[in-house]
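Peer 1: My structure is below; once you've seen it, I'll send some questions.
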Amino acid sequence: MISAQNLEKFFGDKQALKKITFSVQPGEILGFLGPNGAGKTTTVKILTGLIPATSGSAEIAGLSIDREPVAVKKKFGYIPESGALFESLTAWEYLELIADLHHLPRATFQQRVQDLLGLFNMQEDCHSRLSGFSKGMKQKILIIAALLHNPEVLFFDEPLNGVDANTALVFKTLLKQLREQGKTILFCSHILEVVERLCTRIIIINDGQIIAQGTPKSIAEQTGRQTLELAFNALTGGSDAEQKTVDFLSALREAPE
């Protein structure tokens, strides 16, 4: 499971997180939502040990991120919002490196990587250098790398960036099956329709603090809106998109040429 207790983070004088507390249980997909700059990626980076919290604590699968950083990293897979790859390597070499870092037995790596490459239709490209890959192809390799060691906990920060519709469908189907296997999943995305269909529970964060949580249906009902998208807009102080567009087009027509 994932547990965050009173997480607080300062960057200089700016407070990015304001003592947030939440947990994610096995067999749950938590949608972690918020507008740009709300603190989502900061939270994920703390939970994955990339940056320290200013105060508070966090555990992954019962292990402290601060006190047991190496043991914790064996427990989770992570797709970052902006993933960096060693682009001088081939896809196979990169995945082999990831397997070695996780001390996967050779036979396990060979079988699992073939299965995952086949799932994402990457068999023919696996011996090509990553420098020649499109954004969507690189994203597939990041997904495979996160799943390679069959972790208990998964962090997905905008995992569908750049992928085509077929890959997105495969990923969403896989996500449901991982939940059924009892994996603990934290899912960040700006594609609210996907979040609404996939996630068992949602937390909305804004200005570094949790402002709503519950099922997609309950959050919509709490705000008197029909969809999660409209509820999100209302909760995070978004403007009326339709009126804003009308005003813009009206001003455009009236502007002198």
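Each chain of the structure tokens is named A, B, ... in the order shown, its residues numbered from 1; ligands are numbered from 1 in display order.
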Go through region 60-101 of chain A and flag each residue having an atom no more than 10 Å from region 186-198 of chain A; for those, report the closest pair of atoms plus their distance in Å to one decimal, using only C-alpha atoms, ordered by chain and rising number, as a tab-separated table.

Peer 2:
```
residue	atom	partner	partner_atom	distance
A:Tyr78	CA	A:Leu186	CA	9.7
A:Ile79	CA	A:Phe187	CA	9.8
A:Pro80	CA	A:Cys188	CA	9.8
A:Glu81	CA	A:Cys188	CA	8.9
```

Peer 1: For C-alpha atoms, I'd like the residues from the last selection saved as a PDB file, in the first residue's frame.

Peer 2:
```pdb
ATOM      1  CA  TYR A  78       7.202   4.357 -11.779  1.00  0.00           C
ATOM      2  CA  ILE A  79       6.317   6.074 -15.041  1.00  0.00           C
ATOM      3  CA  PRO A  80       7.365   9.722 -14.589  1.00  0.00           C
ATOM      4  CA  GLU A  81       5.641  12.652 -16.254  1.00  0.00           C
TER       5      GLU A  81
END
```

Peer 1: Could you pull the residues within 9 Å of region 201-206 of chain A, counting only C-alpha atoms, minus those fewer than 2 positions along the same chain, as a PyMOL selection string?

Peer 2: chain A and resi 22+28-40+195-196+199+208-216+219+232+235-236

Peer 1: Please identify all polymer residues within 10 Å of Gln5 (chain A), counting only C-alpha atoms, omitting same-chain residues fewer than 5 positions from it, and present them as a count of residues only.

Peer 2: 10

Peer 1: Fewer than 3 positions away in the same chain doesn't count, so skip those; otherwise give me all residues within 9 Å of region 106-118 of chain A, counting only C-alpha atoms, as a PyMOL selection string.

Peer 2: chain A and resi 92+95-96+99-100+103+121-124+126+140-141+144-145+147-149

Peer 1: Set the distance at 9 Å and use only C-alpha atoms: which residues neighbour Phe76 (chain A) once local chain neighbours fewer than 4 positions away are removed? I'd like the list as a list in words.

Peer 2: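 The filter keeps Thr48, Ile60, Ala61, Val72, Ala146, Leu147, His149, Asn150, Pro151, Glu152, Val153, Leu154 and Phe155 of chain A.
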
Peer 1: Any chance you can output those residues with N, CA and C atoms as an mmCIF file, in the first residue's frame?

Peer 2:
```cif
data_model
loop_
_atom_site.group_PDB
_atom_site.id
_atom_site.type_symbol
_atom_site.label_atom_id
_atom_site.label_comp_id
_atom_site.auth_asym_id
_atom_site.auth_seq_id
_atom_site.Cartn_x
_atom_site.Cartn_y
_atom_site.Cartn_z
ATOM 1 N N THR A 48 8.258 8.499 -4.344
ATOM 2 C CA THR A 48 9.198 7.612 -5.036
ATOM 3 C C THR A 48 10.652 7.876 -4.647
ATOM 4 N N ILE A 60 5.851 2.893 1.609
ATOM 5 C CA ILE A 60 5.431 2.080 0.471
ATOM 6 C C ILE A 60 5.531 0.623 0.900
ATOM 7 N N ALA A 61 4.428 -0.093 0.828
ATOM 8 C CA ALA A 61 4.390 -1.511 1.214
ATOM 9 C C ALA A 61 4.969 -1.729 2.615
ATOM 10 N N VAL A 72 12.627 0.084 -0.530
ATOM 11 C CA VAL A 72 11.380 0.651 -1.070
ATOM 12 C C VAL A 72 11.367 0.594 -2.593
ATOM 13 N N ALA A 146 8.638 -0.056 -16.123
ATOM 14 C CA ALA A 146 7.968 0.049 -14.823
ATOM 15 C C ALA A 146 7.353 -1.279 -14.390
ATOM 16 N N LEU A 147 6.970 -2.108 -15.363
ATOM 17 C CA LEU A 147 6.285 -3.366 -15.064
ATOM 18 C C LEU A 147 7.222 -4.567 -15.008
ATOM 19 N N HIS A 149 9.719 -5.751 -13.289
ATOM 20 C CA HIS A 149 10.024 -6.518 -12.068
ATOM 21 C C HIS A 149 8.766 -6.902 -11.279
ATOM 22 N N ASN A 150 7.593 -6.733 -11.923
ATOM 23 C CA ASN A 150 6.309 -7.130 -11.334
ATOM 24 C C ASN A 150 6.128 -6.540 -9.934
ATOM 25 N N PRO A 151 6.145 -5.204 -9.819
ATOM 26 C CA PRO A 151 6.107 -4.576 -8.493
ATOM 27 C C PRO A 151 4.722 -4.640 -7.849
ATOM 28 N N GLU A 152 4.703 -4.489 -6.532
ATOM 29 C CA GLU A 152 3.447 -4.474 -5.779
ATOM 30 C C GLU A 152 2.709 -3.147 -5.939
ATOM 31 N N VAL A 153 3.482 -2.071 -6.106
ATOM 32 C CA VAL A 153 2.940 -0.716 -6.130
ATOM 33 C C VAL A 153 3.351 -0.042 -7.436
ATOM 34 N N LEU A 154 2.424 0.713 -8.029
ATOM 35 C CA LEU A 154 2.694 1.374 -9.305
ATOM 36 C C LEU A 154 2.324 2.850 -9.220
ATOM 37 N N PHE A 155 3.248 3.695 -9.688
ATOM 38 C CA PHE A 155 2.996 5.129 -9.804
ATOM 39 C C PHE A 155 2.977 5.480 -11.285
#
```

Peer 1: With only C-alpha atoms as the counted atoms, please give the residues lying no more than 9 Å from Gln15 (chain A), apart from itself and same-chain residues fewer than 4 positions off, as a PyMOL selection string.

Peer 2: chain A and resi 8-11+207-208

Peer 1: Can you spit out the residues from that selection as a short mmCIF file (atom, residue, chain, number, x, y, z; two decimals), in the first residue's frame, using C-alpha atoms?

Peer 2:
```cif
data_model
loop_
_atom_site.label_atom_id
_atom_site.label_comp_id
_atom_site.auth_asym_id
_atom_site.auth_seq_id
_atom_site.Cartn_x
_atom_site.Cartn_y
_atom_site.Cartn_z
CA GLU A 8 4.82 19.17 3.57
CA LYS A 9 7.22 20.56 0.98
CA PHE A 10 8.83 23.98 0.60
CA PHE A 11 10.85 25.18 -2.37
CA ASP A 207 -2.66 24.75 -4.09
CA GLY A 208 -0.85 21.97 -2.23
#
```

Peer 1: List the neighbours of region 130-135 of chain A out to 8 Å using only C-alpha atoms; skip same-chain residues closer than 4 positions along the sequence, and give me the result as a list in words.

Peer 2: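 Once the adjacent positions are removed, what remains is Leu85, Phe86, Glu87, Ser88, Leu89, Thr90, Ala91, Gln139, Gly162 and Val163 of chain A.
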
Peer 1: Could you give me the residues within region 127-242 of chain A that DSSP places in strand (DSSP E), as an mmCIF file with C-alpha atoms, in the first residue's frame?

Peer 2:
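Everything below was put into part.cif:
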```cif
data_model
loop_
_atom_site.group_PDB
_atom_site.id
_atom_site.type_symbol
_atom_site.label_atom_id
_atom_site.label_comp_id
_atom_site.auth_asym_id
_atom_site.auth_seq_id
_atom_site.Cartn_x
_atom_site.Cartn_y
_atom_site.Cartn_z
ATOM 1 C CA VAL A 153 2.940 -0.716 -6.130
ATOM 2 C CA LEU A 154 2.694 1.374 -9.305
ATOM 3 C CA PHE A 155 2.996 5.129 -9.804
ATOM 4 C CA PHE A 156 1.727 6.374 -13.159
ATOM 5 C CA ASP A 157 2.220 10.104 -13.830
ATOM 6 C CA THR A 184 -1.693 -0.717 -5.439
ATOM 7 C CA ILE A 185 -1.911 1.991 -8.123
ATOM 8 C CA LEU A 186 -1.635 5.775 -8.003
ATOM 9 C CA PHE A 187 -2.684 7.294 -11.330
ATOM 10 C CA CYS A 188 -2.117 10.946 -12.285
ATOM 11 C CA ARG A 201 -11.356 6.484 -5.895
ATOM 12 C CA ILE A 202 -10.175 10.024 -6.597
ATOM 13 C CA ILE A 203 -8.311 12.724 -4.699
ATOM 14 C CA ILE A 204 -8.290 16.276 -6.039
ATOM 15 C CA ILE A 205 -5.442 18.499 -4.900
ATOM 16 C CA ASN A 206 -5.211 22.252 -5.386
ATOM 17 C CA GLN A 209 -3.820 20.640 -0.274
ATOM 18 C CA ILE A 210 -6.529 18.010 -0.712
ATOM 19 C CA ILE A 211 -9.861 19.667 -1.527
ATOM 20 C CA ALA A 212 -12.008 16.629 -2.409
ATOM 21 C CA GLN A 213 -11.925 12.853 -2.340
ATOM 22 C CA GLY A 214 -14.287 9.992 -3.069
#
```

Peer 1: Work out how far CA of Leu228 (chain A) is from CA of Ser3 (chain A), in Å to one decimal.

Peer 2: 24.8 Å

Peer 1: Extract the full set of helix (DSSP H, G or I) residues from region 77-228 of chain A according to DSSP on the backbone, and format it as a VMD selection string.

Peer 2: chain A and resid 91 to 101 106 to 119 123 to 125 130 to 132 135 to 147 165 to 180 192 to 198 216 to 223 228
